[in-house]
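Structure file structure_18.cif (mmCIF, C-alpha atoms and all ligand atoms) follows.
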data_input
#
loop_
_atom_site.label_atom_id
_atom_site.label_comp_id
_atom_site.auth_asym_id
_atom_site.auth_seq_id
_atom_site.Cartn_x
_atom_site.Cartn_y
_atom_site.Cartn_z
CA VAL A 1 97.07 106.41 71.52
CA GLY A 2 100.04 106.32 73.84
CA LYS A 3 101.69 109.49 72.66
CA GLU A 4 102.33 112.66 74.64
CA GLN A 5 99.62 115.27 74.15
CA ARG A 6 99.47 118.97 74.86
CA GLU A 7 98.59 119.92 78.42
CA PHE A 8 94.89 119.77 79.26
CA ASP A 9 92.78 122.81 80.29
CA TYR A 10 90.53 121.57 83.11
CA PHE A 11 89.31 118.52 85.00
CA ALA A 12 85.85 116.99 84.86
CA LEU A 13 84.75 114.68 87.65
CA ALA A 14 82.27 112.37 85.93
CA LEU A 15 79.68 110.79 88.24
CA GLN A 16 77.17 108.14 87.26
CA TRP A 17 73.66 107.48 88.53
CA PRO A 18 73.10 103.79 89.40
CA GLY A 19 69.30 104.02 89.25
CA THR A 20 69.46 104.86 85.56
CA ILE A 21 72.36 102.65 84.52
CA CYS A 22 71.37 99.55 86.49
CA SER A 23 67.85 99.61 85.11
CA SER A 24 69.23 99.10 81.62
CA THR A 25 72.01 96.67 82.57
CA ARG A 26 70.51 93.33 81.68
CA HIS A 27 72.41 91.14 84.08
CA CYS A 28 73.86 91.93 87.41
CA CYS A 29 77.59 91.49 87.16
CA ALA A 30 79.31 92.88 90.21
CA VAL A 31 78.38 92.65 93.87
CA ASN A 32 79.53 96.21 94.42
CA GLY A 33 77.66 97.40 91.32
CA CYS A 34 74.23 96.54 89.96
CA CYS A 35 73.96 93.27 91.93
CA ARG A 36 74.33 94.80 95.33
CA LYS A 37 71.72 93.89 97.92
CA GLU A 38 71.30 97.37 99.39
CA PRO A 39 69.75 100.32 97.59
CA LEU A 40 72.27 102.71 96.02
CA HIS A 41 70.86 106.20 96.00
CA THR A 42 73.99 108.22 95.47
CA PHE A 43 76.09 109.09 92.46
CA THR A 44 79.14 106.88 92.05
CA ILE A 45 82.38 107.80 90.32
CA HIS A 46 82.90 107.28 86.59
CA GLY A 47 86.23 109.04 86.26
CA LEU A 48 88.37 112.12 86.72
CA TRP A 49 88.99 113.43 83.23
CA PRO A 50 91.43 116.01 81.87
CA ASP A 51 89.65 117.96 79.12
CA TYR A 52 90.36 120.70 76.59
CA ASP A 53 88.34 123.90 76.39
CA ASP A 54 87.38 123.11 72.79
CA GLY A 55 85.32 120.08 73.86
CA THR A 56 87.91 117.44 73.01
CA TRP A 57 90.18 115.48 75.34
CA PRO A 58 93.43 113.56 75.38
CA SER A 59 93.47 109.83 76.17
CA CYS A 60 95.96 107.02 76.87
CA CYS A 61 98.89 109.42 77.10
CA ARG A 62 101.78 107.73 78.85
CA HIS A 63 102.42 104.05 78.76
CA THR A 64 101.93 103.49 82.48
CA SER A 65 100.09 100.28 83.22
CA PHE A 66 97.87 100.18 86.23
CA ASP A 67 99.65 98.82 89.32
CA MET A 68 97.42 97.60 92.15
CA ASP A 69 100.31 97.60 94.62
CA LYS A 70 100.50 101.39 94.43
CA ILE A 71 97.00 101.96 95.74
CA THR A 72 96.40 99.13 98.24
CA PRO A 73 95.12 101.43 101.04
CA LEU A 74 92.52 102.99 98.74
CA LYS A 75 91.17 99.76 97.28
CA PRO A 76 88.18 99.26 99.63
CA THR A 77 87.08 102.86 99.07
CA LEU A 78 87.47 102.57 95.31
CA ASP A 79 85.48 99.32 95.28
CA LYS A 80 82.69 101.00 97.18
CA TYR A 81 82.39 104.40 95.51
CA TRP A 82 83.78 103.63 92.04
CA PRO A 83 81.98 100.40 91.11
CA SER A 84 81.55 99.17 87.58
CA LEU A 85 77.87 99.34 86.71
CA TYR A 86 78.36 97.71 83.33
CA CYS A 87 78.81 94.07 82.44
CA SER A 88 81.24 94.69 79.62
CA SER A 89 84.86 94.64 80.61
CA SER A 90 86.71 97.92 80.22
CA SER A 91 89.19 98.04 77.40
CA THR A 92 92.28 99.48 78.99
CA CYS A 93 94.83 101.36 76.93
CA PHE A 94 97.88 99.46 78.06
CA SER A 95 97.48 96.59 80.50
CA GLY A 96 94.27 95.12 79.13
CA ARG A 97 92.73 94.08 82.42
CA GLY A 98 91.77 95.25 85.90
CA PRO A 99 88.79 96.95 87.51
CA PHE A 100 86.87 99.79 85.88
CA TRP A 101 88.93 102.40 87.75
CA ALA A 102 92.18 100.89 86.51
CA HIS A 103 90.95 101.58 82.99
CA GLU A 104 90.13 105.17 83.98
CA TRP A 105 93.72 105.68 85.22
CA GLU A 106 95.22 104.39 82.00
CA LYS A 107 92.85 106.23 79.67
CA HIS A 108 92.44 109.55 81.53
CA GLY A 109 94.81 109.56 84.50
CA THR A 110 97.89 109.26 82.33
CA CYS A 111 96.88 112.54 80.61
CA SER A 112 96.49 114.51 83.87
CA ALA A 113 100.09 115.76 84.18
CA PRO A 114 101.43 118.05 85.41
CA ALA A 115 98.57 118.59 87.88
CA VAL A 116 98.35 114.88 88.70
CA ARG A 117 101.22 112.60 87.74
CA GLU A 118 101.04 109.42 89.76
CA GLU A 119 98.48 106.68 90.05
CA LEU A 120 98.00 107.04 93.81
CA GLN A 121 97.60 110.80 93.43
CA TYR A 122 95.05 110.30 90.64
CA PHE A 123 92.82 108.08 92.75
CA SER A 124 93.17 110.09 95.95
CA THR A 125 92.38 113.30 94.06
CA ALA A 126 89.25 111.78 92.52
CA LEU A 127 88.06 110.46 95.90
CA ASP A 128 88.81 113.76 97.68
CA LEU A 129 86.75 115.72 95.15
CA TYR A 130 83.95 113.17 95.27
CA PHE A 131 83.67 113.42 99.07
CA LYS A 132 84.18 117.17 99.21
CA TYR A 133 81.46 117.91 96.66
CA ASN A 134 78.64 115.51 97.43
CA VAL A 135 76.25 116.04 94.53
CA THR A 136 73.55 113.81 95.98
CA GLU A 137 73.49 116.00 99.12
CA MET A 138 73.60 119.21 97.10
CA LEU A 139 70.52 118.09 95.18
CA ALA A 140 68.72 117.08 98.38
CA THR A 141 69.21 120.57 99.84
CA GLY A 142 67.40 121.86 96.76
CA ASP A 143 64.62 119.33 97.38
CA ILE A 144 65.68 117.30 94.39
CA LEU A 145 65.27 113.80 95.72
CA VAL A 146 65.70 110.31 94.44
CA SER A 147 62.29 108.99 93.53
CA ASN A 148 60.67 106.92 90.88
CA GLY A 149 58.36 108.81 88.61
CA LYS A 150 59.06 112.25 90.02
CA GLU A 151 60.33 114.77 87.52
CA TYR A 152 62.41 117.88 88.08
CA ALA A 153 63.07 120.80 85.79
CA LEU A 154 66.53 120.46 84.26
CA SER A 155 67.08 124.16 84.97
CA ASP A 156 66.34 123.61 88.69
CA VAL A 157 68.85 120.78 88.86
CA ILE A 158 71.51 122.90 87.16
CA ASP A 159 70.78 125.95 89.35
CA THR A 160 70.92 123.88 92.54
CA ILE A 161 74.35 122.54 91.64
CA LYS A 162 75.58 125.95 90.50
CA HIS A 163 74.55 127.46 93.81
CA ALA A 164 76.00 124.71 96.02
CA PHE A 165 79.11 123.89 94.00
CA GLY A 166 80.01 127.18 92.39
CA GLY A 167 80.12 126.03 88.79
CA SER A 168 77.78 124.86 86.11
CA PRO A 169 77.58 121.05 85.73
CA GLN A 170 77.19 118.99 82.59
CA ILE A 171 74.32 116.51 82.71
CA ILE A 172 73.91 113.48 80.47
CA CYS A 173 70.56 111.73 80.20
CA LYS A 174 69.20 108.43 79.06
CA LYS A 175 65.51 108.43 78.13
CA GLY A 176 64.82 111.39 80.39
CA SER A 177 66.69 110.02 83.42
CA VAL A 178 69.99 111.37 84.68
CA GLN A 179 72.74 108.99 83.61
CA GLU A 180 75.76 111.09 84.41
CA LEU A 181 76.59 114.41 86.03
CA ARG A 182 79.96 116.09 85.63
CA LEU A 183 81.53 118.71 87.88
CA CYS A 184 84.40 120.73 86.47
CA PHE A 185 87.55 122.03 88.14
CA THR A 186 90.48 124.23 87.28
CA LYS A 187 93.86 122.52 87.19
CA ASP A 188 94.37 123.55 90.81
CA LEU A 189 91.07 121.90 91.69
CA LYS A 190 88.83 124.94 92.20
CA PRO A 191 85.21 124.67 91.01
CA ARG A 192 84.57 126.11 87.54
CA ASP A 193 81.88 125.87 84.88
CA CYS A 194 81.82 122.87 82.62
CA LEU A 195 81.52 123.74 78.94
CA THR A 196 78.04 125.05 78.42
CA THR A 197 78.42 126.36 74.91
CA SER A 198 78.10 124.34 71.76
CA ALA A 199 81.53 122.83 72.47
CA MET A 200 79.90 120.84 75.23
CA TYR A 201 77.56 119.13 72.82
CA LYS A 202 80.03 118.61 70.05
CA ASN A 203 80.73 115.02 71.02
CA LEU A 204 77.43 114.22 72.63
CA SER A 205 74.89 112.22 70.68
CA LYS A 206 71.37 113.70 70.54
CA SER A 207 69.92 110.87 72.61
CA LYS A 208 72.10 111.92 75.56
CA HIS A 209 70.83 115.49 75.71
CA CYS A 210 68.47 116.02 78.64
CA PRO A 211 64.85 117.05 78.13
CA ARG A 212 63.39 119.96 80.12
CA LYS A 213 62.07 117.59 82.78
CA ILE A 214 64.33 114.87 84.16
CA SER A 215 64.14 112.15 86.79
CA LEU A 216 66.48 110.44 89.26
CA PRO A 217 65.10 106.90 89.46
CA THR A 218 65.80 104.72 92.50
CA TYR A 219 68.09 101.73 92.27
CA ASP A 220 66.24 98.80 93.72
CA PRO A 221 68.10 95.55 94.26
CA ILE A 222 66.84 92.61 92.25
P1 LIG B 1 80.24 108.09 75.74
O1 LIG B 1 80.29 107.84 74.30
O2 LIG B 1 79.73 106.94 76.56
O3 LIG B 1 79.67 109.41 76.15
O4 LIG B 1 81.76 108.21 76.17
C1 LIG B 1 82.63 107.16 75.99
C2 LIG B 1 83.91 107.49 76.65
O5 LIG B 1 84.50 108.63 76.03
C3 LIG B 1 83.77 107.92 78.11
O6 LIG B 1 83.59 106.83 78.95
C4 LIG B 1 85.06 108.69 78.30
O7 LIG B 1 86.16 107.86 78.45
C5 LIG B 1 85.16 109.41 76.99
N1 LIG B 1 84.50 110.72 77.10
C6 LIG B 1 83.21 111.05 76.75
N2 LIG B 1 82.99 112.36 76.97
C7 LIG B 1 84.14 112.86 77.49
C8 LIG B 1 84.54 114.15 77.92
O8 LIG B 1 83.79 115.14 77.88
N3 LIG B 1 85.81 114.25 78.39
C9 LIG B 1 86.67 113.20 78.45
N4 LIG B 1 87.89 113.41 78.94
N5 LIG B 1 86.33 111.98 78.04
C10 LIG B 1 85.08 111.81 77.58
P1 LIG B 2 85.42 105.41 79.41
O1 LIG B 2 84.93 105.20 78.09
O2 LIG B 2 84.96 106.11 80.57
O3 LIG B 2 86.88 105.63 79.34
O4 LIG B 2 85.26 103.91 79.98
C1 LIG B 2 84.18 103.17 79.67
C2 LIG B 2 84.66 101.75 79.48
O5 LIG B 2 84.56 101.06 80.71
C3 LIG B 2 83.80 101.02 78.51
O6 LIG B 2 84.61 100.04 77.89
C4 LIG B 2 82.76 100.37 79.39
O7 LIG B 2 82.24 99.21 78.83
C5 LIG B 2 83.55 100.07 80.64
N1 LIG B 2 82.80 100.18 81.88
C6 LIG B 2 82.83 99.25 82.86
N2 LIG B 2 82.06 99.65 83.88
C7 LIG B 2 81.55 100.84 83.56
C8 LIG B 2 80.70 101.75 84.24
O8 LIG B 2 80.24 101.54 85.36
N3 LIG B 2 80.40 102.90 83.59
C9 LIG B 2 80.88 103.17 82.35
N4 LIG B 2 80.53 104.34 81.79
N5 LIG B 2 81.69 102.34 81.68
C10 LIG B 2 82.02 101.18 82.28
#
Can you dump the structure from the file as structure tokens?
Ligand code: 5GP
Ligand code: 5GP
Amino acid sequence: VGKEQREFDYFALALQWPGTICSSTRHCCAVNGCCRKEPLHTFTIHGLWPDYDDGTWPSCCRHTSFDMDKITPLKPTLDKYWPSLYCSSSSTCFSGRGPFWAHEWEKHGTCSAPAVREELQYFSTALDLYFKYNVTEMLATGDILVSNGKEYALSDVIDTIKHAFGGSPQIICKKGSVQELRLCFTKDLKPRDCLTTSAMYKNLSKSKHCPRKISLPTYDPI
């Protein structure tokens, strides 16, 4: 932790599905997360992650504490599209406090050089990619819609994203529901395949593998 690592190979934009995560979060903890009053039927951001082609990744690379003053103009957008859906506080690498996305900067953002070096650039890059490649819309164009109980073939979900995005996604499940979907990018931010070989599963526990049929449950406010 905290030491310089070799340069990463590609970026993954990790998105999370509130309908799945909020249904297993016992308490509502954040008004912009699982306690919100309005339905939340879109993926939200988990993080922008530098990864290696062998399925591993660097973390907590440079001792650069999160600094809120550097990203003031982006804060409302980050609060809205990058909410914490968990109740646990995020253990940051360096500063030890701050919102979920501050933790993501310290753990992953500090390893994103030379493609992304600064905090403001890290967050604006993540938001740009998130808005440019709207996964929820891509799925809707393939008739894959948010709905309780409805199941879709995993292969259809993957093919729909491949077609619309131009690269194969990585999908993480929890009890047959989509928990997370990752889009991958070259270092100059062009769509590419995520790891689809055994390297992809190297660090993924069996329970997170998706079955052949998966669902995208609704998030309904409590
Ligand atoms: P989990 O065990 O929940 O899948 O992952 C825990 C944490 O490990 C994630 O929140 C993330 O910080 C890190 N992590 C898991 N998988 C990957 C990955 O493929 N790439 C990177 N860069 N980090 C990951
Ligand atoms: P990662 O492991 O991605 O680097 O970060 C996950 C850390 O952030 C964990 O400590 C987890 O408890 C905390 N966390 C807070 N909110 C969220 C959230 O909405 N999603 C995930 N995956 N982790 C969250």
Could you name the residues that touch region 98-102 of chain A at 9 Å or less, counting all atoms listed in the file, but leaving out those on the same chain fewer than 4 positions away, as a VMD selection string? chain A and resid 45 to 47 65 to 68 78 to 79 82 to 84 89 to 92 106 to 107 123
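Proximity ranking of A:Ala30, A:Ala153, A:Ile214, A:Cys194 relative to ligand LIG 1 (chain B) places A:Cys194 first, based on all atoms listed in the file.
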With only C-alpha atoms counted, which protein, DNA or RNA residues have an atom no more than 12 Å from (86.4, 113.4, 98.1) in the file frame? Please answer as a PyMOL selection string. chain A and resi 13+44-45+48+77-78+81-82+122-135+189
Work out how far atom C8 of ligand LIG 1 (chain B) is from CA of Asp51 (chain A), in Å to one decimal. 6.5 Å
As a quick test: using only C-alpha atoms and all ligand atoms, which residues lie no more than 9 Å away from ligand LIG 1 (chain B)? Give them as a PDB file with C-alpha atoms, in the frame of the given file.
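As a result, out_17.pdb now contains:
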ATOM      1  CA  PHE A  11      89.310 118.520  85.000  1.00  0.00           C
ATOM      2  CA  ALA A  12      85.850 116.990  84.860  1.00  0.00           C
ATOM      3  CA  ALA A  14      82.270 112.370  85.930  1.00  0.00           C
ATOM      4  CA  HIS A  46      82.900 107.280  86.590  1.00  0.00           C
ATOM      5  CA  GLY A  47      86.230 109.040  86.260  1.00  0.00           C
ATOM      6  CA  LEU A  48      88.370 112.120  86.720  1.00  0.00           C
ATOM      7  CA  TRP A  49      88.990 113.430  83.230  1.00  0.00           C
ATOM      8  CA  PRO A  50      91.430 116.010  81.870  1.00  0.00           C
ATOM      9  CA  ASP A  51      89.650 117.960  79.120  1.00  0.00           C
ATOM     10  CA  TYR A  52      90.360 120.700  76.590  1.00  0.00           C
ATOM     11  CA  GLY A  55      85.320 120.080  73.860  1.00  0.00           C
ATOM     12  CA  THR A  56      87.910 117.440  73.010  1.00  0.00           C
ATOM     13  CA  TRP A  57      90.180 115.480  75.340  1.00  0.00           C
ATOM     14  CA  PRO A  58      93.430 113.560  75.380  1.00  0.00           C
ATOM     15  CA  SER A  59      93.470 109.830  76.170  1.00  0.00           C
ATOM     16  CA  GLU A 104      90.130 105.170  83.980  1.00  0.00           C
ATOM     17  CA  LYS A 107      92.850 106.230  79.670  1.00  0.00           C
ATOM     18  CA  HIS A 108      92.440 109.550  81.530  1.00  0.00           C
ATOM     19  CA  GLN A 170      77.190 118.990  82.590  1.00  0.00           C
ATOM     20  CA  ILE A 172      73.910 113.480  80.470  1.00  0.00           C
ATOM     21  CA  ARG A 182      79.960 116.090  85.630  1.00  0.00           C
ATOM     22  CA  LEU A 195      81.520 123.740  78.940  1.00  0.00           C
ATOM     23  CA  MET A 200      79.900 120.840  75.230  1.00  0.00           C
ATOM     24  CA  TYR A 201      77.560 119.130  72.820  1.00  0.00           C
ATOM     25  CA  ASN A 203      80.730 115.020  71.020  1.00  0.00           C
ATOM     26  CA  LEU A 204      77.430 114.220  72.630  1.00  0.00           C
ATOM     27  CA  SER A 205      74.890 112.220  70.680  1.00  0.00           C
ATOM     28  CA  LYS A 208      72.100 111.920  75.560  1.00  0.00           C
TER      29      LYS A 208
END
Top pick for closest residue to ligand LIG 2 (chain B), considering A:Ser168, A:Ser112, A:Ser155, A:Ser88 and counting all atoms listed in the file: A:Ser88
Show me the residues close to (69.6, 104.6, 83.5) - anything with an atom within 10 Å, counting only C-alpha atoms - and format the list as an MDAnalysis selection string. chainID A and resid 16:25 173:180 215:219
Given the choices A:Thr110, A:Thr141, A:Gln5, A:Thr64, which gets closest to ligand LIG 2 (chain B) if the distance is worked out from only C-alpha atoms and all ligand atoms? A:Thr110
What does the structure give for the distance between CA of Gly166 (chain A) and CA of Asp9 (chain A), in Å to one decimal? 18.1 Å
Between A:Asp143, A:Tyr10, A:Arg36, A:Lys206, single out the one closest to Arg192 (chain A), counting all atoms listed in the file. A:Tyr10
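Distance-wise, CA of Asp159 (chain A) and CA of Leu139 (chain A) end up 9.8 Å apart.
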Centre and edge lengths, as AutoDock Vina command-line options, for the axis-aligned box enclosing every listed atom of ligand LIG 2 (chain B) with 5 Å of padding on each of the six sides, in Å to one decimal?
--center_x 83.6 --center_y 102.7 --center_z 81.6 --size_x 16.6 --size_y 16.9 --size_z 17.5
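Minimum distance to ligand LIG 2 (chain B) across A:Tyr86, A:Phe8, A:Trp105, A:Phe43 (counting only C-alpha atoms and all ligand atoms) occurs at A:Tyr86.
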Restricting the calculation to all atoms listed in the file, which member of A:Asp53, A:Ala140, A:Leu120, A:Arg62 is positioned closest to Thr196 (chain A)?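 Residue with the minimum atom-to-atom distance to Thr196 (chain A): A:Asp53.
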Within 9 Å of Ile144 (chain A) using only C-alpha atoms, minus same-chain residues under 5 positions, as a list in words: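 Listed by chain and then number, they are Thr136, Met138, Leu139, Tyr152, Asp156, Val157, Thr160 and Leu216 of chain A.
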Residues from the last selection, C-alpha atoms, saved as a compact mmCIF listing (two decimals), keeping the file's coordinate frame:
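Saved as result_28.txt:
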# COMPACT_ATOMS: atom_id res chain seq x y z
CA THR A 136 73.55 113.81 95.98
CA MET A 138 73.60 119.21 97.10
CA LEU A 139 70.52 118.09 95.18
CA TYR A 152 62.41 117.88 88.08
CA ASP A 156 66.34 123.61 88.69
CA VAL A 157 68.85 120.78 88.86
CA THR A 160 70.92 123.88 92.54
CA LEU A 216 66.48 110.44 89.26
Is it possible to add N, CA and C atoms to region 13-46 of chain A and hand it back as a tab-separated table (two decimals), in the coordinates of the input?
chain	number	residue	atom	x	y	z
A	13	LEU	N	85.01	115.84	86.81
A	13	LEU	CA	84.75	114.68	87.65
A	13	LEU	C	83.42	114.11	87.17
A	14	ALA	N	83.48	112.96	86.49
A	14	ALA	CA	82.27	112.37	85.93
A	14	ALA	C	81.67	111.40	86.95
A	15	LEU	N	80.39	111.63	87.27
A	15	LEU	CA	79.68	110.79	88.24
A	15	LEU	C	78.56	110.06	87.51
A	16	GLN	N	78.26	108.86	87.93
A	16	GLN	CA	77.17	108.14	87.26
A	16	GLN	C	76.05	107.81	88.24
A	17	TRP	N	74.84	107.71	87.69
A	17	TRP	CA	73.66	107.48	88.53
A	17	TRP	C	73.20	106.02	88.41
A	18	PRO	N	73.41	105.22	89.48
A	18	PRO	CA	73.10	103.79	89.40
A	18	PRO	C	71.65	103.49	89.04
A	19	GLY	N	70.71	104.29	89.54
A	19	GLY	CA	69.30	104.02	89.25
A	19	GLY	C	69.00	103.98	87.77
A	20	THR	N	69.68	104.82	87.00
A	20	THR	CA	69.46	104.86	85.56
A	20	THR	C	70.25	103.75	84.87
A	21	ILE	N	71.52	103.61	85.23
A	21	ILE	CA	72.36	102.65	84.52
A	21	ILE	C	71.97	101.22	84.85
A	22	CYS	N	71.69	100.94	86.12
A	22	CYS	CA	71.37	99.55	86.49
A	22	CYS	C	70.03	99.10	85.92
A	23	SER	N	69.14	100.04	85.66
A	23	SER	CA	67.85	99.61	85.11
A	23	SER	C	67.99	99.14	83.67
A	24	SER	N	69.07	99.55	83.00
A	24	SER	CA	69.23	99.10	81.62
A	24	SER	C	70.36	98.07	81.48
A	25	THR	N	71.00	97.73	82.62
A	25	THR	CA	72.01	96.67	82.57
A	25	THR	C	71.26	95.36	82.69
A	26	ARG	N	71.39	94.48	81.72
A	26	ARG	CA	70.51	93.33	81.68
A	26	ARG	C	70.80	92.32	82.78
A	27	HIS	N	72.07	92.12	83.05
A	27	HIS	CA	72.41	91.14	84.08
A	27	HIS	C	73.10	91.88	85.20
A	28	CYS	N	73.02	91.33	86.39
A	28	CYS	CA	73.86	91.93	87.41
A	28	CYS	C	75.21	91.24	87.33
A	29	CYS	N	76.25	92.02	87.42
A	29	CYS	CA	77.59	91.49	87.16
A	29	CYS	C	78.54	91.64	88.32
A	30	ALA	N	78.35	92.63	89.14
A	30	ALA	CA	79.31	92.88	90.21
A	30	ALA	C	78.57	93.14	91.51
A	31	VAL	N	79.05	92.50	92.57
A	31	VAL	CA	78.38	92.65	93.87
A	31	VAL	C	78.46	94.07	94.41
A	32	ASN	N	79.47	94.82	93.96
A	32	ASN	CA	79.53	96.21	94.42
A	32	ASN	C	78.85	97.14	93.43
A	33	GLY	N	78.35	96.59	92.32
A	33	GLY	CA	77.66	97.40	91.32
A	33	GLY	C	76.18	97.09	91.29
A	34	CYS	N	75.67	96.73	90.11
A	34	CYS	CA	74.23	96.54	89.96
A	34	CYS	C	73.68	95.28	90.60
A	35	CYS	N	74.51	94.45	91.22
A	35	CYS	CA	73.96	93.27	91.93
A	35	CYS	C	73.94	93.46	93.42
A	36	ARG	N	74.27	94.65	93.87
A	36	ARG	CA	74.33	94.80	95.33
A	36	ARG	C	72.95	94.60	95.95
A	37	LYS	N	72.96	94.21	97.23
A	37	LYS	CA	71.72	93.89	97.92
A	37	LYS	C	71.06	95.14	98.49
A	38	GLU	N	71.85	96.16	98.78
A	38	GLU	CA	71.30	97.37	99.39
A	38	GLU	C	70.99	98.38	98.30
A	39	PRO	N	70.03	99.26	98.55
A	39	PRO	CA	69.75	100.32	97.59
A	39	PRO	C	70.99	101.21	97.43
A	40	LEU	N	71.12	101.84	96.29
A	40	LEU	CA	72.27	102.71	96.02
A	40	LEU	C	71.71	104.03	95.48
A	41	HIS	N	71.51	104.96	96.38
A	41	HIS	CA	70.86	106.20	96.00
A	41	HIS	C	71.80	107.39	96.03
A	42	THR	N	73.03	107.14	95.60
A	42	THR	CA	73.99	108.22	95.47
A	42	THR	C	74.69	108.07	94.13
A	43	PHE	N	75.24	109.18	93.64
A	43	PHE	CA	76.09	109.09	92.46
A	43	PHE	C	77.34	108.31	92.82
A	44	THR	N	77.83	107.52	91.88
A	44	THR	CA	79.14	106.88	92.05
A	44	THR	C	80.11	107.49	91.03
A	45	ILE	N	81.38	107.16	91.18
A	45	ILE	CA	82.38	107.80	90.32
A	45	ILE	C	82.49	107.08	88.97
A	46	HIS	N	82.56	107.84	87.90
A	46	HIS	CA	82.90	107.28	86.59
A	46	HIS	C	84.38	107.53	86.32
